[in-house]
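Engineer: The following file, query23.pdb, comprises PDB, C-alpha atoms:
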MODEL        1
ATOM      1  CA  GLY I  16      -3.472 -39.301   4.560
ATOM      2  CA  ARG I  17      -1.697 -42.108   6.410
ATOM      3  CA  PRO I  18       1.702 -43.526   5.432
ATOM      4  CA  LYS I  19       1.667 -46.592   3.215
ATOM      5  CA  VAL I  20       4.536 -48.930   4.122
ATOM      6  CA  ILE I  21       5.873 -52.185   2.689
ATOM      7  CA  GLY I  22       7.931 -54.565   4.840
ATOM      8  CA  VAL I  23       9.658 -57.593   3.322
ATOM      9  CA  ASP I  24      10.949 -60.572   5.296
ATOM     10  CA  VAL I  25      13.226 -62.686   3.102
ATOM     11  CA  ALA I  26      13.651 -66.477   3.213
ATOM     12  CA  THR I  27      15.758 -68.767   1.050
ATOM     13  CA  GLY I  28      12.814 -70.141  -0.911
ATOM     14  CA  GLU I  29      13.499 -73.625   0.417
ATOM     15  CA  GLY I  30      12.230 -75.377   3.521
ATOM     16  CA  ALA I  31       9.450 -74.260   5.819
ATOM     17  CA  ASP I  32      10.258 -70.542   5.955
ATOM     18  CA  MET I  33       8.437 -68.152   3.619
ATOM     19  CA  SER I  34       9.272 -64.758   2.210
ATOM     20  CA  VAL I  35       6.489 -62.347   3.113
ATOM     21  CA  ILE I  36       5.596 -58.924   1.746
ATOM     22  CA  ALA I  37       3.370 -56.944   4.125
ATOM     23  CA  LEU I  38       1.588 -53.753   3.093
ATOM     24  CA  ARG I  39       0.186 -51.487   5.764
ATOM     25  CA  GLU I  40      -1.643 -48.218   5.347
ATOM     26  CA  GLY I  41      -2.138 -46.368   8.599
ATOM     27  CA  ARG I  42      -3.930 -48.685  10.991
ATOM     28  CA  LYS I  43      -4.773 -51.391   8.430
ATOM     29  CA  VAL I  44      -2.784 -54.254   6.924
ATOM     30  CA  THR I  45      -4.098 -54.342   3.367
ATOM     31  CA  ARG I  46      -1.923 -57.124   1.906
ATOM     32  CA  LEU I  47       0.101 -60.028   3.234
ATOM     33  CA  ASP I  48       1.674 -61.864   0.284
ATOM     34  CA  LYS I  49       3.511 -65.112   1.069
ATOM     35  CA  HIS I  50       6.028 -66.661  -1.307
ATOM     36  CA  ARG I  51       8.310 -69.676  -1.485
ATOM     37  CA  CYS I  52      10.610 -68.598  -4.276
ATOM     38  CA  ASP I  53      14.140 -67.533  -5.091
ATOM     39  CA  THR I  54      15.387 -63.991  -4.506
ATOM     40  CA  MET I  55      15.012 -62.836  -8.126
ATOM     41  CA  THR I  56      11.401 -64.007  -8.281
ATOM     42  CA  LEU I  57      10.744 -62.328  -4.930
ATOM     43  CA  ALA I  58      12.231 -59.116  -6.342
ATOM     44  CA  ALA I  59       9.672 -59.267  -9.169
ATOM     45  CA  HIS I  60       6.849 -59.631  -6.621
ATOM     46  CA  VAL I  61       8.153 -56.667  -4.601
ATOM     47  CA  VAL I  62       8.448 -54.511  -7.734
ATOM     48  CA  GLU I  63       4.878 -55.411  -8.733
ATOM     49  CA  MET I  64       3.527 -54.405  -5.322
ATOM     50  CA  TYR I  65       5.661 -51.271  -5.186
ATOM     51  CA  ASN I  66       4.471 -50.122  -8.616
ATOM     52  CA  SER I  67       0.802 -50.883  -7.941
ATOM     53  CA  GLU I  68       0.647 -49.508  -4.387
ATOM     54  CA  LYS I  69       3.102 -46.556  -4.548
ATOM     55  CA  PRO I  70       4.145 -46.791  -0.869
ATOM     56  CA  ASP I  71       5.809 -44.043   1.138
ATOM     57  CA  ALA I  72       8.498 -46.470   2.336
ATOM     58  CA  LEU I  73       9.936 -49.888   1.467
ATOM     59  CA  PHE I  74      11.781 -51.708   4.279
ATOM     60  CA  VAL I  75      13.580 -54.993   3.548
ATOM     61  CA  ASP I  76      15.328 -57.412   5.878
ATOM     62  CA  GLY I  77      18.866 -56.723   4.673
ATOM     63  CA  ILE I  78      20.648 -59.541   6.496
ATOM     64  CA  GLY I  79      21.710 -62.893   5.021
ATOM     65  CA  VAL I  80      19.788 -63.784   1.878
ATOM     66  CA  GLY I  81      18.071 -60.388   2.092
ATOM     67  CA  THR I  82      21.274 -58.643   0.964
ATOM     68  CA  GLY I  83      20.732 -60.021  -2.540
ATOM     69  CA  LEU I  84      17.153 -58.749  -2.620
ATOM     70  CA  VAL I  85      18.219 -55.295  -1.438
ATOM     71  CA  ALA I  86      20.928 -55.166  -4.124
ATOM     72  CA  ARG I  87      18.486 -56.213  -6.861
ATOM     73  CA  LEU I  88      15.825 -53.698  -5.804
ATOM     74  CA  ARG I  89      18.426 -50.901  -5.747
ATOM     75  CA  GLN I  90      19.592 -51.993  -9.193
ATOM     76  CA  LEU I  91      15.963 -51.552 -10.298
ATOM     77  CA  ASN I  92      15.984 -48.025  -8.772
ATOM     78  CA  LEU I  93      13.542 -48.719  -5.943
ATOM     79  CA  PRO I  94      14.136 -46.579  -2.829
ATOM     80  CA  VAL I  95      14.646 -49.566  -0.533
ATOM     81  CA  VAL I  96      15.770 -49.196   3.076
ATOM     82  CA  SER I  97      17.876 -52.143   4.215
ATOM     83  CA  VAL I  98      17.073 -53.026   7.832
ATOM     84  CA  ASN I  99      19.544 -54.829  10.072
ATOM     85  CA  ALA I 100      17.523 -56.171  12.985
ATOM     86  CA  GLY I 101      20.658 -56.814  15.038
ATOM     87  CA  VAL I 102      21.861 -53.224  15.272
ATOM     88  CA  SER I 103      21.245 -50.986  18.272
ATOM     89  CA  ALA I 104      17.716 -49.723  18.740
ATOM     90  CA  ASP I 105      16.942 -46.031  18.369
ATOM     91  CA  ASN I 106      15.693 -46.264  21.960
ATOM     92  CA  ALA I 107      18.571 -48.355  23.325
ATOM     93  CA  GLU I 108      17.522 -47.779  26.923
ATOM     94  CA  LYS I 109      14.225 -49.587  26.309
ATOM     95  CA  TYR I 110      15.075 -52.164  23.630
ATOM     96  CA  ARG I 111      17.958 -54.614  23.258
ATOM     97  CA  ASN I 112      18.209 -54.193  19.474
ATOM     98  CA  LYS I 113      16.349 -52.981  16.380
ATOM     99  CA  ARG I 114      14.340 -56.227  16.117
ATOM    100  CA  SER I 115      12.993 -55.852  19.653
ATOM    101  CA  GLU I 116      12.210 -52.203  18.955
ATOM    102  CA  MET I 117      10.314 -52.947  15.721
ATOM    103  CA  TRP I 118       8.226 -55.596  17.450
ATOM    104  CA  GLY I 119       7.640 -53.243  20.402
ATOM    105  CA  ARG I 120       6.416 -50.482  18.096
ATOM    106  CA  MET I 121       4.214 -52.986  16.286
ATOM    107  CA  ARG I 122       2.788 -54.195  19.617
ATOM    108  CA  ASP I 123       1.912 -50.607  20.553
ATOM    109  CA  TRP I 124       0.268 -50.130  17.149
ATOM    110  CA  LEU I 125      -1.760 -53.320  17.591
ATOM    111  CA  THR I 126      -2.937 -52.461  21.112
ATOM    112  CA  GLU I 127      -4.076 -49.016  19.966
ATOM    113  CA  GLY I 128      -6.496 -50.662  17.527
ATOM    114  CA  ALA I 129      -5.250 -52.064  14.244
ATOM    115  CA  ASP I 130      -7.057 -53.867  11.454
ATOM    116  CA  ILE I 131      -5.177 -57.030  10.521
ATOM    117  CA  PRO I 132      -6.246 -59.824   8.179
ATOM    118  CA  ASP I 133      -7.703 -63.061   9.500
ATOM    119  CA  ASP I 134      -4.528 -64.975   8.736
ATOM    120  CA  ALA I 135      -3.511 -68.016  10.783
ATOM    121  CA  ASN I 136       0.236 -67.550  10.150
ATOM    122  CA  LEU I 137       0.158 -63.904  11.229
ATOM    123  CA  LYS I 138      -1.863 -64.616  14.361
ATOM    124  CA  GLU I 139       0.481 -67.469  15.336
ATOM    125  CA  ASP I 140       3.505 -65.228  14.780
ATOM    126  CA  LEU I 141       2.098 -62.357  16.830
ATOM    127  CA  THR I 142       1.150 -64.560  19.781
ATOM    128  CA  GLY I 143       3.929 -67.168  19.695
ATOM    129  CA  ILE I 144       7.044 -65.090  20.194
ATOM    130  CA  GLU I 145       8.144 -64.396  23.767
ATOM    131  CA  TYR I 146      10.056 -61.482  25.235
ATOM    132  CA  PHE I 147      12.036 -60.974  28.406
ATOM    133  CA  PRO I 148      14.016 -58.275  30.232
ATOM    134  CA  THR I 149      17.792 -58.171  29.837
ATOM    135  CA  ASP I 150      20.166 -57.532  32.729
ATOM    136  CA  LYS I 151      19.994 -53.855  31.688
ATOM    137  CA  GLN I 152      16.174 -53.978  31.895
ATOM    138  CA  GLN I 153      15.797 -53.686  28.118
ATOM    139  CA  ILE I 154      13.084 -55.565  26.254
ATOM    140  CA  ALA I 155      14.534 -58.474  24.263
ATOM    141  CA  LEU I 156      12.775 -60.880  21.900
ATOM    142  CA  GLU I 157      13.168 -64.618  21.902
ATOM    143  CA  ARG I 158      15.631 -65.863  19.285
ATOM    144  CA  LYS I 159      14.233 -67.755  16.295
ATOM    145  CA  LYS I 160      16.394 -70.731  17.235
ATOM    146  CA  ASP I 161      14.689 -70.817  20.642
ATOM    147  CA  MET I 162      11.262 -70.586  19.007
ATOM    148  CA  ARG I 163      12.108 -73.603  16.856
ATOM    149  CA  SER I 164      13.145 -75.559  19.949
ATOM    150  CA  ARG I 165       9.620 -74.890  21.297
ATOM    151  CA  GLY I 166       8.159 -76.256  18.049
ATOM    152  CA  LEU I 167       7.298 -72.873  16.518
ATOM    153  CA  PRO I 168       8.263 -71.802  12.995
ATOM    154  CA  SER I 169      10.101 -68.623  12.093
ATOM    155  CA  PRO I 170       7.668 -65.683  12.494
ATOM    156  CA  ASP I 171       7.838 -64.706   8.811
ATOM    157  CA  CYS I 172       4.530 -62.812   8.635
ATOM    158  CA  GLY I 173       5.167 -61.086  11.965
ATOM    159  CA  ASP I 174       8.675 -60.082  10.918
ATOM    160  CA  ALA I 175       7.431 -58.672   7.590
ATOM    161  CA  LEU I 176       4.842 -56.551   9.389
ATOM    162  CA  ALA I 177       7.346 -55.505  12.089
ATOM    163  CA  LEU I 178       9.812 -54.308   9.438
ATOM    164  CA  GLY I 179       7.312 -51.565   8.584
ATOM    165  CA  PHE I 180       7.993 -50.092  12.030
ATOM    166  CA  ALA I 181      11.788 -49.867  11.645
ATOM    167  CA  TYR I 182      11.970 -46.090  11.108
ATOM    168  CA  PRO I 183       9.674 -43.052  10.951
ATOM    169  CA  VAL I 184       7.967 -42.547   7.599
ATOM    170  CA  ALA I 185       6.962 -39.219   6.094
ATOM    171  CA  LEU I 186       4.206 -39.037   3.517
ATOM    172  CA  ARG I 187       5.715 -38.568   0.064
ATOM    173  CA  ASP I 188       3.180 -35.928  -0.857
ATOM    174  CA  ALA I 189       2.603 -34.220   2.485
ATOM    175  CA  LYS I 190       0.988 -31.074   1.076
ATOM    176  CA  LYS I 191      -1.523 -33.079  -0.948
ATOM    177  CA  ALA I 192      -2.387 -35.181   2.118
ATOM    178  CA  ALA I 193      -2.829 -32.075   4.273
ATOM    179  CA  ASN I 194      -4.698 -30.275   1.485
ATOM    180  CA  ASP I 195      -2.962 -27.040   2.464
ATOM    181  CA  ASP I 196       0.523 -25.568   2.784
ATOM    182  CA  SER I 197       1.400 -27.030   6.186
ATOM    183  CA  PRO I 198       3.923 -29.875   6.266
ATOM    184  CA  VAL I 199       2.762 -33.291   7.404
ATOM    185  CA  LEU I 200       5.041 -35.816   9.049
ATOM    186  CA  GLU I 201       3.631 -39.016  10.433
ATOM    187  CA  PHE I 202       5.457 -41.809  12.081
ATOM    188  CA  ALA I 203       4.585 -45.153  10.535
ATOM    189  CA  TRP I 204       4.208 -46.918  13.863
ATOM    190  CA  MET I 205       1.666 -44.344  15.047
ATOM    191  CA  GLY I 206      -0.547 -45.082  12.035
TER     192      GLY I 206
ENDMDL
END
Once you've parsed the file, please lay out its structure as structure tokens.

Structural biologist:
Amino acid sequence: GRPKVIGVDVATGEGADMSVIALREGRKVTRLDKHRCDTMTLAAHVVEMYNSEKPDALFVDGIGVGTGLVARLRQLNLPVVSVNAGVSADNAEKYRNKRSEMWGRMRDWLTEGADIPDDANLKEDLTGIEYFPTDKQQIALERKKDMRSRGLPSPDCGDALALGFAYPVALRDAKKAANDDSPVLEFAWMG
């Protein structure tokens, strides 16, 4: 009865960065698929996971190389939500931008007791990134460029998981999940 959400962080397929597809159901991360491939091959991997898992939401990093993936998935009739991490946060008083907000929601989810895989990349991503207050007292995340200057890679696994917290997610079959006639709406970050 918990939302099943896919988040996809997209990389070029070259260099150290990876594309990552994260699947979360409620309080548990059930899959964390890492790929070094081109956008079309990544699209095939996303379609395979979407068809096998039947998620309630599919969030994709829609900036840069991710625009091509979003376009391909829409062409294949998948209900993809393109996420721009640089736009204003829903809670703009608390967070500098959508990226900071997604990571903040994910942090809350983790501290409330989440089940994540024993994955070295994910653990490094979740503990390596720093945050700071802005002059407006908003929470802001460290830029990837600044992480690299500290010797840390792009937080690909962390970003893929955080994308699943971009927007509220309703169960696709709320009545079946509730097993009665009352509507069910759950927010993905509340698990």

Engineer: As a check of understanding, name the residues that the PyMOL selection byres ((chain I and resi 145) around 10) selects in the supplied structure, as a VMD selection string.

Structural biologist: chain I and resid 141 to 144 146 to 147 155 to 158 161 to 162

Engineer: For a quick check of understanding, using all atoms listed in the file, which of I:Asn136, I:Asn106, I:Thr56, I:Asn112 has the smallest distance to I:Asp171?

Structural biologist: I:Asn136

Engineer: Between stretch 58-136 of chain I and stretch 174-187 of chain I, at 12 Å or less, what are the per-residue closest atom pairs and their distances in Å? Count only C-alpha atoms, order by chain and rising residue number, and return it as CSV.

Structural biologist:
residue,atom,partner,partner_atom,distance
I:Lys69,CA,I:Arg187,CA,9.6
I:Pro70,CA,I:Arg187,CA,8.4
I:Asp71,CA,I:Arg187,CA,5.6
I:Ala72,CA,I:Val184,CA,6.6
I:Leu73,CA,I:Gly179,CA,7.8
I:Phe74,CA,I:Leu178,CA,6.1
I:Val75,CA,I:Leu178,CA,7.0
I:Asp76,CA,I:Leu178,CA,7.3
I:Gly77,CA,I:Leu178,CA,10.5
I:Pro94,CA,I:Arg187,CA,12.0
I:Val95,CA,I:Gly179,CA,11.9
I:Val96,CA,I:Tyr182,CA,9.4
I:Ser97,CA,I:Leu178,CA,9.8
I:Val98,CA,I:Ala181,CA,7.2
I:Asn99,CA,I:Ala181,CA,9.3
I:Ala100,CA,I:Ala181,CA,8.6
I:Gly101,CA,I:Ala181,CA,11.8
I:Val102,CA,I:Ala181,CA,11.2
I:Ser103,CA,I:Ala181,CA,11.6
I:Ala104,CA,I:Ala181,CA,9.2
I:Asp105,CA,I:Tyr182,CA,8.8
I:Asn106,CA,I:Tyr182,CA,11.5
I:Asn112,CA,I:Ala181,CA,11.0
I:Lys113,CA,I:Ala181,CA,7.3
I:Arg114,CA,I:Ala177,CA,8.1
I:Ser115,CA,I:Ala177,CA,9.4
I:Glu116,CA,I:Ala181,CA,7.7
I:Met117,CA,I:Phe180,CA,5.2
I:Trp118,CA,I:Ala177,CA,5.4
I:Gly119,CA,I:Ala177,CA,8.6
I:Arg120,CA,I:Phe180,CA,6.3
I:Met121,CA,I:Ala177,CA,5.8
I:Arg122,CA,I:Ala177,CA,8.9
I:Asp123,CA,I:Phe180,CA,10.5
I:Trp124,CA,I:Phe180,CA,9.3
I:Leu125,CA,I:Ala177,CA,10.9
I:Ile131,CA,I:Leu176,CA,10.1
I:Pro132,CA,I:Leu176,CA,11.6
I:Asn136,CA,I:Asp174,CA,11.3

Engineer: Please return, as a ChimeraX atom specification, all polymer residues that have at least one atom within 7 Å of the point (13.6, -61.9, 6.1); use all atoms listed in the file and the file's own coordinate frame.

Structural biologist: /I:23-26,34,76,81,171

Engineer: Env of I:Glu63: 12 Å cut, atoms = only C-alpha atoms, seq-sep filter 3 positions within chain, self excluded. Answer as an mmCIF file with C-alpha atoms, keeping the file's coordinate frame.

Structural biologist:
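Done, and the output landed in part38.cif:
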data_model
loop_
_atom_site.group_PDB
_atom_site.id
_atom_site.type_symbol
_atom_site.label_atom_id
_atom_site.label_comp_id
_atom_site.auth_asym_id
_atom_site.auth_seq_id
_atom_site.Cartn_x
_atom_site.Cartn_y
_atom_site.Cartn_z
ATOM 1 C CA ILE I 21 5.873 -52.185 2.689
ATOM 2 C CA ILE I 36 5.596 -58.924 1.746
ATOM 3 C CA ASP I 48 1.674 -61.864 0.284
ATOM 4 C CA THR I 56 11.401 -64.007 -8.281
ATOM 5 C CA LEU I 57 10.744 -62.328 -4.930
ATOM 6 C CA ALA I 58 12.231 -59.116 -6.342
ATOM 7 C CA ALA I 59 9.672 -59.267 -9.169
ATOM 8 C CA HIS I 60 6.849 -59.631 -6.621
ATOM 9 C CA ASN I 66 4.471 -50.122 -8.616
ATOM 10 C CA SER I 67 0.802 -50.883 -7.941
ATOM 11 C CA GLU I 68 0.647 -49.508 -4.387
ATOM 12 C CA LYS I 69 3.102 -46.556 -4.548
ATOM 13 C CA PRO I 70 4.145 -46.791 -0.869
ATOM 14 C CA LEU I 88 15.825 -53.698 -5.804
ATOM 15 C CA LEU I 91 15.963 -51.552 -10.298
ATOM 16 C CA LEU I 93 13.542 -48.719 -5.943
#

Engineer: In Å, rounded to a single decimal, give me how far atom CA of I:Val85 is from atom CA of I:Arg46.

Structural biologist: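 Atom-to-atom, atom CA of I:Arg46 to atom CA of I:Val85, that is 20.5 Å.
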
Engineer: From the options I:Asn92, I:Asp130, I:Gln153, I:Ala135, which residue's atoms come nearest to I:Glu108, counting all atoms listed in the file?

Structural biologist: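 Selected residue with least distance to I:Glu108: I:Gln153.
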
Engineer: Let me know the centre plus edge lengths, in Å and rounded to one decimal, of a box with edges along x, y and z that contains all listed atoms of stretch 175-184 of chain I and is padded by 3 Å on every side, as lines of an AutoDock Vina configuration file.

Structural biologist:
center_x = 8.4
center_y = -50.6
center_z = 9.8
size_x = 13.1
size_y = 22.1
size_z = 10.5

Engineer: Restricting the calculation to only C-alpha atoms, which member of I:Ala31, I:Met64, I:Tyr110, I:Leu84 is positioned closest to I:Arg51?

Structural biologist: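 The closest residue to I:Arg51 is I:Ala31.
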
Engineer: Quote the spacing between atom CA of I:Val80 and atom CA of I:Pro168 in Å to one decimal place.

Structural biologist: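 Between these atoms lies a distance of 17.9 Å.
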
Engineer: What gap, in Å, lies between atom CA of I:Asp53 and atom CA of I:Asp133?

Structural biologist: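 Answer for the atom CA of I:Asp53 to atom CA of I:Asp133 separation: 26.6 Å.
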
Engineer: In terms of the shortest atom-to-atom distance over only C-alpha atoms, which of I:Thr54, I:Val62, I:Leu137, I:Ala37 is closest to I:Gly79?

Structural biologist: I:Thr54
